[in-house]
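This report refers to the structure that appears directly beneath it.
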Amino acid sequence: MSADEELQEHAEHASNPFDKKVAASMAVIAAALAVVSVLGHIYTTEELLEQQKASDMWSEYQGKSIRRYESTFVADIMAAVKSPEAAQKYKANIDKYDREGREIQEKAREHEGESKLSGERALRLHFGEVFLEIAIVFASLAILSKREYLWWISLASGAVGAAVALTTALLR
């Protein structure tokens, strides 16, 4: 049985005021859980995409490094066979590949930073999700056992989960 079906069943069976309060709080917690869960998945996906972009940039950097090395090699050969025009052409390529390589490194590091930030955000959201799920479990136990202290534990766990999830906004 899914969480939504379980919540609906509990809401239908709620006949006394305590059950109604707990069911209402469960609905709010479940809505928060859904939002936090989706955001956690979005940031996890973003983390992976940014890491892939960084990997692509590092591959491009490696290609530029190989071309720079080849240009250095050919420039040395051209200088040795007394062909200064050809050697100069390859020396210009060396400078071009150096400049492009530095730009690519910078972009790759930016993508790595974005990946790390998305990963940290996803982790916080996942921790918030855990506390929200625990809150639903305690609320269910409160309805089944008619124990008010379990409901208060549920509310506290839900508040912790929401607070942890909200700290995601503080990450920059």
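Letters for chains follow the order of the structure tokens (A, B, ...), residue numbers begin at 1 for each chain, and ligand numbers begin at 1 in the order shown.
Within 9 Å of Ile29 (chain A), once only C-alpha atoms are used and residues closer than 6 positions along the same chain are dropped, the contacting residues are A:Leu132, A:Glu133, A:Ala135, A:Ile136, A:Leu155, A:Gly158, A:Ala159, A:Ala162.
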Written file, previous selection with N, CA and C atoms, as a PDB file, in the first residue's frame:
```
ATOM      1  N   LEU A 132      11.170  13.212   7.594  1.00  0.00           N
ATOM      2  CA  LEU A 132       9.753  13.332   7.249  1.00  0.00           C
ATOM      3  C   LEU A 132       9.087  11.954   7.164  1.00  0.00           C
ATOM      4  N   GLU A 133       9.803  10.975   6.651  1.00  0.00           N
ATOM      5  CA  GLU A 133       9.259   9.615   6.602  1.00  0.00           C
ATOM      6  C   GLU A 133       9.076   9.052   8.010  1.00  0.00           C
ATOM      7  N   ALA A 135       8.486  10.808  10.586  1.00  0.00           N
ATOM      8  CA  ALA A 135       7.336  11.528  11.133  1.00  0.00           C
ATOM      9  C   ALA A 135       6.028  10.850  10.751  1.00  0.00           C
ATOM     10  N   ILE A 136       5.931  10.416   9.511  1.00  0.00           N
ATOM     11  CA  ILE A 136       4.710   9.727   9.076  1.00  0.00           C
ATOM     12  C   ILE A 136       4.539   8.402   9.825  1.00  0.00           C
ATOM     13  N   LEU A 155       5.441  15.182  15.075  1.00  0.00           N
ATOM     14  CA  LEU A 155       5.539  16.610  14.732  1.00  0.00           C
ATOM     15  C   LEU A 155       6.982  17.103  14.843  1.00  0.00           C
ATOM     16  N   GLY A 158       8.932  15.744  11.932  1.00  0.00           N
ATOM     17  CA  GLY A 158       8.555  16.489  10.732  1.00  0.00           C
ATOM     18  C   GLY A 158       9.194  17.861  10.703  1.00  0.00           C
ATOM     19  N   ALA A 159       9.244  18.525  11.857  1.00  0.00           N
ATOM     20  CA  ALA A 159       9.873  19.849  11.931  1.00  0.00           C
ATOM     21  C   ALA A 159      11.370  19.755  11.651  1.00  0.00           C
ATOM     22  N   ALA A 162      11.807  19.144   7.893  1.00  0.00           N
ATOM     23  CA  ALA A 162      11.576  20.366   7.118  1.00  0.00           C
ATOM     24  C   ALA A 162      12.730  21.344   7.308  1.00  0.00           C
TER      25      ALA A 162
END
```
### Message
At a cut-off of 9 Å, using only C-alpha atoms, what residues contact region 55-58 of chain A? Leave out same-chain residues fewer than 3 positions from it and give the result as a PyMOL selection string.
### Response
chain A and resi 50-52+61-63+104-105+107-109+111-112
### Task
Would you please work out which residue, of A:Val36, A:Ala54, A:Ser59, A:Pro17, is nearest to Glu106 (chain A) when using only C-alpha atoms?
A:Ala54
### Query
Which residues come within 12 Å of region 84-91 of chain A, counting only C-alpha atoms, excluding same-chain residues fewer than 5 positions away, as a ChimeraX atom specification?
/A:67-79,96-98
Could you write out the selected residues, including N, CA and C atoms, as a PDB file, in the first residue's frame?
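Below is the file that was written, result.pdb:
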```pdb
ATOM      1  N   ARG A  67      47.432  17.796 -28.635  1.00  0.00           N
ATOM      2  CA  ARG A  67      47.724  18.631 -29.805  1.00  0.00           C
ATOM      3  C   ARG A  67      48.880  19.600 -29.527  1.00  0.00           C
ATOM      4  N   ARG A  68      48.900  20.156 -28.299  1.00  0.00           N
ATOM      5  CA  ARG A  68      49.998  21.061 -27.932  1.00  0.00           C
ATOM      6  C   ARG A  68      51.328  20.311 -27.959  1.00  0.00           C
ATOM      7  N   TYR A  69      51.339  19.106 -27.409  1.00  0.00           N
ATOM      8  CA  TYR A  69      52.562  18.305 -27.413  1.00  0.00           C
ATOM      9  C   TYR A  69      53.008  17.996 -28.840  1.00  0.00           C
ATOM     10  N   GLU A  70      52.038  17.622 -29.680  1.00  0.00           N
ATOM     11  CA  GLU A  70      52.380  17.322 -31.075  1.00  0.00           C
ATOM     12  C   GLU A  70      52.925  18.561 -31.777  1.00  0.00           C
ATOM     13  N   SER A  71      52.332  19.722 -31.522  1.00  0.00           N
ATOM     14  CA  SER A  71      52.814  20.964 -32.138  1.00  0.00           C
ATOM     15  C   SER A  71      54.221  21.293 -31.655  1.00  0.00           C
ATOM     16  N   THR A  72      54.491  21.051 -30.389  1.00  0.00           N
ATOM     17  CA  THR A  72      55.839  21.269 -29.854  1.00  0.00           C
ATOM     18  C   THR A  72      56.838  20.361 -30.546  1.00  0.00           C
ATOM     19  N   PHE A  73      56.445  19.120 -30.692  1.00  0.00           N
ATOM     20  CA  PHE A  73      57.302  18.131 -31.343  1.00  0.00           C
ATOM     21  C   PHE A  73      57.595  18.537 -32.791  1.00  0.00           C
ATOM     22  N   VAL A  74      56.546  18.900 -33.540  1.00  0.00           N
ATOM     23  CA  VAL A  74      56.720  19.272 -34.949  1.00  0.00           C
ATOM     24  C   VAL A  74      57.503  20.582 -35.064  1.00  0.00           C
ATOM     25  N   ALA A  75      57.264  21.533 -34.184  1.00  0.00           N
ATOM     26  CA  ALA A  75      58.008  22.803 -34.212  1.00  0.00           C
ATOM     27  C   ALA A  75      59.494  22.544 -34.009  1.00  0.00           C
ATOM     28  N   ASP A  76      59.830  21.650 -33.102  1.00  0.00           N
ATOM     29  CA  ASP A  76      61.239  21.306 -32.880  1.00  0.00           C
ATOM     30  C   ASP A  76      61.845  20.653 -34.119  1.00  0.00           C
ATOM     31  N   ILE A  77      61.069  19.787 -34.757  1.00  0.00           N
ATOM     32  CA  ILE A  77      61.566  19.130 -35.976  1.00  0.00           C
ATOM     33  C   ILE A  77      61.779  20.179 -37.068  1.00  0.00           C
ATOM     34  N   MET A  78      60.812  21.078 -37.242  1.00  0.00           N
ATOM     35  CA  MET A  78      60.931  22.110 -38.289  1.00  0.00           C
ATOM     36  C   MET A  78      62.114  23.042 -38.017  1.00  0.00           C
ATOM     37  N   ALA A  79      62.338  23.350 -36.754  1.00  0.00           N
ATOM     38  CA  ALA A  79      63.492  24.192 -36.413  1.00  0.00           C
ATOM     39  C   ALA A  79      64.789  23.447 -36.719  1.00  0.00           C
ATOM     40  N   LYS A  96      48.128  28.782 -28.815  1.00  0.00           N
ATOM     41  CA  LYS A  96      46.670  28.642 -28.941  1.00  0.00           C
ATOM     42  C   LYS A  96      46.167  27.494 -28.065  1.00  0.00           C
ATOM     43  N   TYR A  97      46.825  26.337 -28.108  1.00  0.00           N
ATOM     44  CA  TYR A  97      46.387  25.194 -27.326  1.00  0.00           C
ATOM     45  C   TYR A  97      46.586  25.431 -25.830  1.00  0.00           C
ATOM     46  N   ASP A  98      47.628  26.158 -25.454  1.00  0.00           N
ATOM     47  CA  ASP A  98      47.821  26.516 -24.040  1.00  0.00           C
ATOM     48  C   ASP A  98      46.671  27.380 -23.535  1.00  0.00           C
TER      49      ASP A  98
END
```
### Task
Kindly indicate which residue among A:Gly161, A:Gly101, A:Gly113, A:Gly40 lies nearest to Leu125 (chain A), using only C-alpha atoms for the distances.
A:Gly40
Go through region 63-163 of chain A residue by residue and, counting only C-alpha atoms, keep those with an atom at most 9 Å from region 42-47 of chain A; for each kept residue give the shortest atom pair and its distance in Å to one decimal, ordered by chain and increasing number, as CSV.
```
residue,atom,partner,partner_atom,distance
A:Glu112,CA,A:Glu47,CA,8.9
A:Glu114,CA,A:Glu47,CA,7.2
A:Ser115,CA,A:Glu47,CA,4.3
A:Lys116,CA,A:Glu47,CA,6.8
A:Leu117,CA,A:Glu47,CA,7.7
A:Ser118,CA,A:Glu47,CA,4.9
A:Gly119,CA,A:Glu47,CA,5.4
A:Glu120,CA,A:Tyr43,CA,8.7
A:Arg121,CA,A:Tyr43,CA,6.6
A:Ala122,CA,A:Tyr43,CA,5.1
A:Leu123,CA,A:Thr44,CA,8.3
A:Leu125,CA,A:Tyr43,CA,8.8
```
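Atom pair CA of Val130 (chain A) / CA of Ser37 (chain A) has a distance of 9.5 Å (rounded to one decimal).
Minimum atom-to-atom distance to Trp152 (chain A), evaluated using only C-alpha atoms, belongs to A:Ala139 out of A:Leu49, A:Leu171, A:Ile94, A:Ala139.
Among A:His126, A:Lys21, A:Lys82, A:Lys64, the residue with the shortest atom-to-atom distance to Thr167 (chain A), counting only C-alpha atoms, is A:His126.
Of the listed residues (A:Leu170, A:Val81, A:Ile143, A:Ala165), A:Ala165 comes nearest to Leu39 (chain A); the distances count only C-alpha atoms.
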### Query
Near Val22 (chain A), counting only C-alpha atoms, which residues have an atom at most 10 Å away, once you skip same-chain residues fewer than 3 positions from it, shown as a ChimeraX atom specification?
/A:10-11,14,17-19,25-28,136,138-140,142-143,146,148,150-152,154-155
Prev. selection, N, CA and C atoms, output as a PDB file, in the first residue's frame:
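What ended up in again-v9.pdb:
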```pdb
ATOM      1  N   HIS A  10      -6.273   6.240   6.737  1.00  0.00           N
ATOM      2  CA  HIS A  10      -6.260   6.761   8.105  1.00  0.00           C
ATOM      3  C   HIS A  10      -7.218   7.940   8.250  1.00  0.00           C
ATOM      4  N   ALA A  11      -7.266   8.795   7.257  1.00  0.00           N
ATOM      5  CA  ALA A  11      -8.161   9.957   7.316  1.00  0.00           C
ATOM      6  C   ALA A  11      -9.622   9.523   7.341  1.00  0.00           C
ATOM      7  N   ALA A  14     -10.554   8.180  10.769  1.00  0.00           N
ATOM      8  CA  ALA A  14     -10.429   9.114  11.879  1.00  0.00           C
ATOM      9  C   ALA A  14     -11.818   9.567  12.319  1.00  0.00           C
ATOM     10  N   PRO A  17     -11.504  13.629  17.546  1.00  0.00           N
ATOM     11  CA  PRO A  17     -10.693  14.818  17.248  1.00  0.00           C
ATOM     12  C   PRO A  17      -9.195  14.534  17.192  1.00  0.00           C
ATOM     13  N   PHE A  18      -8.728  13.660  18.076  1.00  0.00           N
ATOM     14  CA  PHE A  18      -7.290  13.329  18.056  1.00  0.00           C
ATOM     15  C   PHE A  18      -6.907  12.700  16.718  1.00  0.00           C
ATOM     16  N   ASP A  19      -7.673  11.750  16.269  1.00  0.00           N
ATOM     17  CA  ASP A  19      -7.387  11.096  14.996  1.00  0.00           C
ATOM     18  C   ASP A  19      -7.417  12.100  13.842  1.00  0.00           C
ATOM     19  N   SER A  25      -2.150  16.408  10.275  1.00  0.00           N
ATOM     20  CA  SER A  25      -0.699  16.631  10.318  1.00  0.00           C
ATOM     21  C   SER A  25       0.029  15.662   9.395  1.00  0.00           C
ATOM     22  N   MET A  26      -0.490  14.441   9.284  1.00  0.00           N
ATOM     23  CA  MET A  26       0.114  13.465   8.359  1.00  0.00           C
ATOM     24  C   MET A  26       0.012  13.949   6.919  1.00  0.00           C
ATOM     25  N   ALA A  27      -1.114  14.546   6.580  1.00  0.00           N
ATOM     26  CA  ALA A  27      -1.285  15.054   5.216  1.00  0.00           C
ATOM     27  C   ALA A  27      -0.293  16.167   4.920  1.00  0.00           C
ATOM     28  N   VAL A  28      -0.085  17.047   5.880  1.00  0.00           N
ATOM     29  CA  VAL A  28       0.882  18.141   5.695  1.00  0.00           C
ATOM     30  C   VAL A  28       2.296  17.574   5.576  1.00  0.00           C
ATOM     31  N   ILE A 136       5.931  10.416   9.511  1.00  0.00           N
ATOM     32  CA  ILE A 136       4.710   9.727   9.076  1.00  0.00           C
ATOM     33  C   ILE A 136       4.539   8.402   9.825  1.00  0.00           C
ATOM     34  N   PHE A 138       5.602   7.698  12.884  1.00  0.00           N
ATOM     35  CA  PHE A 138       5.153   7.984  14.250  1.00  0.00           C
ATOM     36  C   PHE A 138       3.708   8.469  14.283  1.00  0.00           C
ATOM     37  N   ALA A 139       3.285   9.227  13.293  1.00  0.00           N
ATOM     38  CA  ALA A 139       1.889   9.669  13.235  1.00  0.00           C
ATOM     39  C   ALA A 139       0.968   8.453  13.062  1.00  0.00           C
ATOM     40  N   SER A 140       1.378   7.526  12.228  1.00  0.00           N
ATOM     41  CA  SER A 140       0.586   6.299  12.054  1.00  0.00           C
ATOM     42  C   SER A 140       0.487   5.532  13.365  1.00  0.00           C
ATOM     43  N   ALA A 142       0.713   6.820  16.284  1.00  0.00           N
ATOM     44  CA  ALA A 142      -0.121   7.608  17.206  1.00  0.00           C
ATOM     45  C   ALA A 142      -1.599   7.306  16.973  1.00  0.00           C
ATOM     46  N   ILE A 143      -2.012   7.216  15.709  1.00  0.00           N
ATOM     47  CA  ILE A 143      -3.414   6.905  15.419  1.00  0.00           C
ATOM     48  C   ILE A 143      -3.758   5.489  15.865  1.00  0.00           C
ATOM     49  N   LYS A 146      -3.364   5.464  19.787  1.00  0.00           N
ATOM     50  CA  LYS A 146      -4.065   6.565  20.483  1.00  0.00           C
ATOM     51  C   LYS A 146      -3.176   7.193  21.558  1.00  0.00           C
ATOM     52  N   GLU A 148      -0.786  10.257  22.483  1.00  0.00           N
ATOM     53  CA  GLU A 148      -0.503  11.627  22.042  1.00  0.00           C
ATOM     54  C   GLU A 148       1.001  11.906  21.953  1.00  0.00           C
ATOM     55  N   LEU A 150       3.304  10.066  20.873  1.00  0.00           N
ATOM     56  CA  LEU A 150       3.807   9.623  19.567  1.00  0.00           C
ATOM     57  C   LEU A 150       3.508  10.664  18.488  1.00  0.00           C
ATOM     58  N   TRP A 151       2.387  11.325  18.618  1.00  0.00           N
ATOM     59  CA  TRP A 151       2.058  12.394  17.672  1.00  0.00           C
ATOM     60  C   TRP A 151       3.032  13.554  17.824  1.00  0.00           C
ATOM     61  N   TRP A 152       3.375  13.887  19.077  1.00  0.00           N
ATOM     62  CA  TRP A 152       4.335  14.975  19.306  1.00  0.00           C
ATOM     63  C   TRP A 152       5.717  14.602  18.757  1.00  0.00           C
ATOM     64  N   SER A 154       6.124  12.684  16.218  1.00  0.00           N
ATOM     65  CA  SER A 154       5.913  12.818  14.777  1.00  0.00           C
ATOM     66  C   SER A 154       6.071  14.271  14.337  1.00  0.00           C
ATOM     67  N   LEU A 155       5.441  15.182  15.075  1.00  0.00           N
ATOM     68  CA  LEU A 155       5.539  16.610  14.732  1.00  0.00           C
ATOM     69  C   LEU A 155       6.982  17.103  14.843  1.00  0.00           C
TER      70      LEU A 155
END
```
